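Written below as structure tokens is the structure these notes are about.
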Amino acid sequence: MSSHLDSNVIPPSRQREAPGNGTKWIGKSIKRVEDPRFLAGKGKYIDDYTVPNMAQAATVRSPHAHARIKSIDTAKAKALPGVIGVFTGQDIATVVDPCPSFASPPVPQNACAIERVRHVGEVVAAVVAEDRYIAEDAADLVEVEYEMLPPNVDIEASAAATGDAILHPEARDSNVALDESFSFGPVEDDFARADHVVRRRLRWGRASAQAIETAGCLSEFDPVSGGFTIHCNTNFYNFIPFVIAGSLRVSPTQLKMMPIMTGGSFGSKVFIHKIIILTSALARLTNQPVKYIEDREEHFTNSDSHGSDRLYDAELALTRDGEMLSFRFDVMDDYGAYLQFGVGTHGNAMAQVTGPYKIGSFAMRVMAVLTNKCQQGPYRGFGSEVTNWVIERMVDAAAKELGIDPVELRLKNMIQPDEFPYMIPTGNIYDSGNFQEVYRQAAELIDYDAWKAKAATMRSEGRCVGVGIATCQERSVYGPTEWWFLNNVETPGFTLTSTPEGISLRIDPTGKVFVTLNSVFVGNSPETVVTQVLAEQLTVDPADIVVGYADTHSGFNGVGPQGSRFTAMVAGACVSASIKVKDKLKTFASHLLEANPADLELRDAKVGVKGSDKEVAIADIAIQANFFRLNFPDTPEFDSGLETTAVYDHPISAEPAPDRSHLGIFYPMVGHICHIAVVEVDPATGKVEILDYAAVHDNGTIVNPKTLGGQVFGGTANGIGSTLTEEFVYDENGQFTNANFAEFALPSVHEMPANLKLGHVETPSPYTEYGIKGGGEGGRLGAPSALSSAIDDALQAYGIETKSLPVRPVKLRGMIREAEMRDAAE
Amino acid sequence: MKPAAFTYERPDTLSAALEMLAECTDDARILAGGQSLVPMMNTRLARPDRLIDINRVPDLDYIRREGDQIRIGALARHADVKQSDVVRDALPLINEAYEWIAHGAVRNRGTLCGNLCHADPASEMPAIMQVLGATFVAQSQEGRREIPADAFFTGLYETALKPTEILVEVRVPVMAPNQSWGFHEVSMRKGDFAWVLVACVVTWEGSVVSSARLTAAGIADRALRLHNVENAVAGQALTPALCETAGATARQTVDPSHDAVTSAEYRRDLIGTLVNRALSDAAGRASHS
Amino acid sequence: MDKVSISVSVNGRTRRADVPPRLLLSDFIRHTLALPGTHVGCEHGVCGACNVIVDGRAVRSCLMFAVQADGCELTTVEGLGSADGLHPIQQAFWEEHGLQCGFCTPGMLMAAHELLQGNPDPTDEEIREAISGNLCRCTGYTHIIEAIRSAAAKLREASVDTVRPAAAA
């Protein structure tokens, strides 16, 4: 039978290092190589950099959600002692062009607003002064006259808005920036043959990563080269010159990006191009180095990293005995005032939209709606955290409506361990997995059956205690087609298909291994991963490996930590580099040992003859290979030096079908997670307490169990926040009412369960080196579903279903109040 | 997020501080712990022209019992009040409430009196001081005057202090053996400002309520006494049913304002629940029970 | 705006400077003294990244003015230990993976330091309370709690006086 997936051919594996061959360093919880400097306060983050003659910038920000700028008077600000310059959007546009946009067609955006402001906090002018205090004084003195325009706050209302409420009238006569429909497989037939269709309207609210360090930039313009040297805590420092050079009116090679340590990202610093463009414009206009560090309020109101803000109308088709047939939804997403990435967050979600279940077909309509809020960007999950929650909510709803136990329904529909690689209707594949084992371990870890019984007893005593489960996918190692394949096929925009990761490697004359990375540290463990993989490959001691970072003039390809890609990708680069440098070591050693290179092996930091005790230390080879050329034959393979570079391409990806009947393979290393939560709700206050929690993750071969555990704990904390405490509240006028750390509540230690139980299953990937998958997002990909499920279970006496997140106490209490009033009326 | 410029004064004596306060013609603010004032200055919601830093003024950092009063000086830090044995023994309500107030580093620096002068409508101590019937001692160059806690809080971030006065001391009557108390708060995170909090002190005559004082914060521009509830429970045995009725009375009495983050309905629900819970705790803590 | 001359003992060393009254202690430490280990996360007193020890007590350095520290003894993360001579608390954070991005870490270390000075054998609940005013976005706190528990044990076993001279006010 022919299928829409027939043309989506899975390429053969390019794996060179098979998993499970008695590794010495991979799989070991070594202490992180990165840590001593951070522990000692020597981290060197963006605000720790200064250069001579450096000035500081502050911004004047819009107090209104939507208005025309009638006039800007900078005279008083310019007159303040210590002020170097005050610049409006028009001034800034004399030296830079609008920001890049991945949306197609683009939504025009300037780093500093011109003529119109579209959200509270948007920059309308910038001040450069001797220090930040004076810059803020001057910003206060800038007088801006506005003419109000109607604010768009509600997704549906904005989609229908006309006239003055249109945000970008010069570009389009609607606030809907994209409206595309897709169908994968026999959706209509599957719905037609279904016995039961579950329908829900589900809402996911807006929040963002809010790393403890905000975004910032230090830019220096060099009139000699005509280029800029830029320090910025972007994740994407190696790629971003190619994105922003046009805006800065230079060639990418005139942008020297410096790698710096970043105080947390979780996606929020993936691009931050707006900051680089603004700061660089100010450096050029003032002809001196300028530093601009967002303060927390700026980071809330004018970042480029607000998370998904979506409204779903979803349908799940099943047979009466619970076989899932098809899934479809219409989704509207409130992207805020601009659309920097197009709908990449929905593209991402296509990687695992049908969850761990065998669902034969899928369809969706996606509408990107512009409103008068700060723009969206990445936040841990990049849209998949929402679809994970949607499918899990639908499965729970189906279990309830069909009268099937929610665990039984899940297990009945799960892909079996012998069915991998498994291609889902969108065309992405799941490389490997054992979902049943992950569930089994989670259930055992928390004693699921005992908790179910105990919770039932507690409910019978009048307490609102419930148990919830989520079985979710954690796609990893992204391919960039997700950024554009949902765009209109005629105008897909920048159809990027590569995400290479490179390293350079050198063994110095003393035998030390020097490695240079082309991706930055954002709180992940790049140096530790590379150290472990190279220690494994080269049989050297981790203490003999030194890791550094290249700037963009001295380095080469790198994409950085995002999309849970870095560990798997850099491990591939390490293997590639090691193959080359091992060959070279063997060449030199073959001469020193008078042996055939094919008979040599690396062992304990030495090169030796297989099956013999003849060997020479790598350090001894190194000094010879670096300093003693005349000891070797006069042929090119003995040229001095033990160094190499290696770039590793995505190990398995395929392009989308031209007609988008499938989306190709783009996010194929798919882990699996099972979270089980036990909660108690105080029905009078709407407060939720987590009584117990288990998280079991399968991220393939684990490089470092301790650091992977850290990712799971941290991601789970983010997920708890997304579910219970964190919500950006814009009022009906578009005022951002809780843009501070006092009222926007990141979980503190008290909001975390006291005993979070962690487990791991290791099902290696057949495609990556050693079978590694990514694991940087999983906690947030599972916790919202498990907690929602547990809350419903706890409140079953009220018949409450969690259909909108976050479910802050005010909202949960409101639902309980309605149920009480309904019950009282009956 | 940097404060606007100001003139800084650091008097070495109270009289010098009072003199500076009396003589300045601009907007002067007393700086003690600064844990409420400085965030507002950093966000430029407050822009005082002059700060008079009293941290070096001697003899204001004390917590002591004098007769039936606990006296707490202007520079007594929250952390010290929280850890004070004198306070714990005489005023267990204060000790309990501190579990909800800020976090260690803020309590280390912030002062009780400064917290009261800030008069945040969602802060705990203004409600606690009213329920305990505290007296505030204000001093200016003209001398000292006593202000009952009920009369001290006059509006949003506003107090009965004159511009020339400093709150030098609060005097809190120790709780009597025939008194018991309750305190409940709901906030997003422990240590956050309250959405709603309720404090109560019940005076018993045998197993009957002789009189009760209740205060609530988070429902108006300042912490409020709940006189209706106080009247409703006076002279009665504090049964679970009465506690619930008292909660319902409170719910009907208050008229909380709506805001985008937390609804008026929610605050009304909370006041009912917390009045019930605070009174129930007070009943449970009564010496006769 | 007139500058004020101040003298502050920082990590055991006397530092003198003329500062404008409005200069926040956090900016003074970071930029005037060039001790960037103290981090600024919110500047409104909530996140705790800027915690330092002033006269023996942890305080938010974004909620103090530098002029107020005149004559005081300060300990910052740089005074706790060095990269090649970590304090037992820092060592425990390293071993237990109590940090990821490292940005909240100095404030956490200061909170832990203050706790363990007064309470050598804290319960988990006491540890949680002690760090409840320090926001971490990376770790979910689990490994931080383990690190402080481990640090307490290290300090007890070694009978090390955790009070460094700089903080022994």
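Labels for the structure tokens follow display order: chains A, B, ..., residues from 1 in each chain, ligands from 1.
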
- Please report as a list in words which residues of chain C come no farther than 7 Å from chain B, using only C-alpha atoms. Pro21, Arg22, Glu43, His44, Gly45, Arg57, Ala58, Val59, Arg60, Leu63, Ala130, Ser132 and Gly133 of chain C

- Message: For a quick test of understanding: name the residues of chain A lying within 8 Å of chain B when counting only C-alpha atoms, and present them as a PyMOL selection string.
- Response: chain A and resi 132-133+136-137+295-297+684-685+725+729-731+737-738+742+745+747-748+750-751+809-810+813-814

- Query: Using only C-alpha atoms, which chain A residues lie at most 9 Å away from chain C, written as a PyMOL selection string?
  - Reply: chain A and resi 30-32+35-45+47-48+133+209-214+261-266+295-297+521-525+706-707+710-718+740-742+746-750+752+754-756

- Message: For Glu769 of chain A, find every residue with an atom within 8 Å (counting only C-alpha atoms), except residues of its own chain fewer than 4 positions away, and show them as a ChimeraX atom specification.
- Response: /A:15-19,568,571-572,575

I need the chosen residues saved as a PDB file, in the first residue's frame, with N, CA and C atoms.
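Ended up saving to part-v5.pdb:
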ATOM      1  N   GLN A  15      27.187   5.817  12.064  1.00  0.00           N
ATOM      2  CA  GLN A  15      27.819   5.648  13.375  1.00  0.00           C
ATOM      3  C   GLN A  15      29.141   4.894  13.249  1.00  0.00           C
ATOM      4  N   ARG A  16      30.201   5.447  13.889  1.00  0.00           N
ATOM      5  CA  ARG A  16      31.501   4.784  13.877  1.00  0.00           C
ATOM      6  C   ARG A  16      31.822   4.143  15.219  1.00  0.00           C
ATOM      7  N   GLU A  17      31.379   4.788  16.293  1.00  0.00           N
ATOM      8  CA  GLU A  17      31.632   4.226  17.625  1.00  0.00           C
ATOM      9  C   GLU A  17      30.339   3.617  18.143  1.00  0.00           C
ATOM     10  N   ALA A  18      30.309   2.306  18.204  1.00  0.00           N
ATOM     11  CA  ALA A  18      29.115   1.644  18.712  1.00  0.00           C
ATOM     12  C   ALA A  18      29.029   1.828  20.224  1.00  0.00           C
ATOM     13  N   PRO A  19      27.846   1.813  20.758  1.00  0.00           N
ATOM     14  CA  PRO A  19      27.710   1.951  22.211  1.00  0.00           C
ATOM     15  C   PRO A  19      28.090   0.668  22.932  1.00  0.00           C
ATOM     16  N   ALA A 568      25.669  15.321  21.553  1.00  0.00           N
ATOM     17  CA  ALA A 568      25.764  14.315  20.496  1.00  0.00           C
ATOM     18  C   ALA A 568      26.620  14.829  19.337  1.00  0.00           C
ATOM     19  N   ALA A 571      30.399  15.250  20.282  1.00  0.00           N
ATOM     20  CA  ALA A 571      30.992  13.912  20.424  1.00  0.00           C
ATOM     21  C   ALA A 571      31.354  13.385  19.035  1.00  0.00           C
ATOM     22  N   GLY A 572      30.488  13.649  18.060  1.00  0.00           N
ATOM     23  CA  GLY A 572      30.791  13.242  16.687  1.00  0.00           C
ATOM     24  C   GLY A 572      32.035  13.929  16.167  1.00  0.00           C
ATOM     25  N   VAL A 575      35.084  12.376  17.730  1.00  0.00           N
ATOM     26  CA  VAL A 575      35.431  11.094  17.124  1.00  0.00           C
ATOM     27  C   VAL A 575      36.131  11.329  15.776  1.00  0.00           C
TER      28      VAL A 575
END

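What separates atom CA of Ser326 of chain A from atom CA of Ala159 of chain A is a distance of 27.7 Å.
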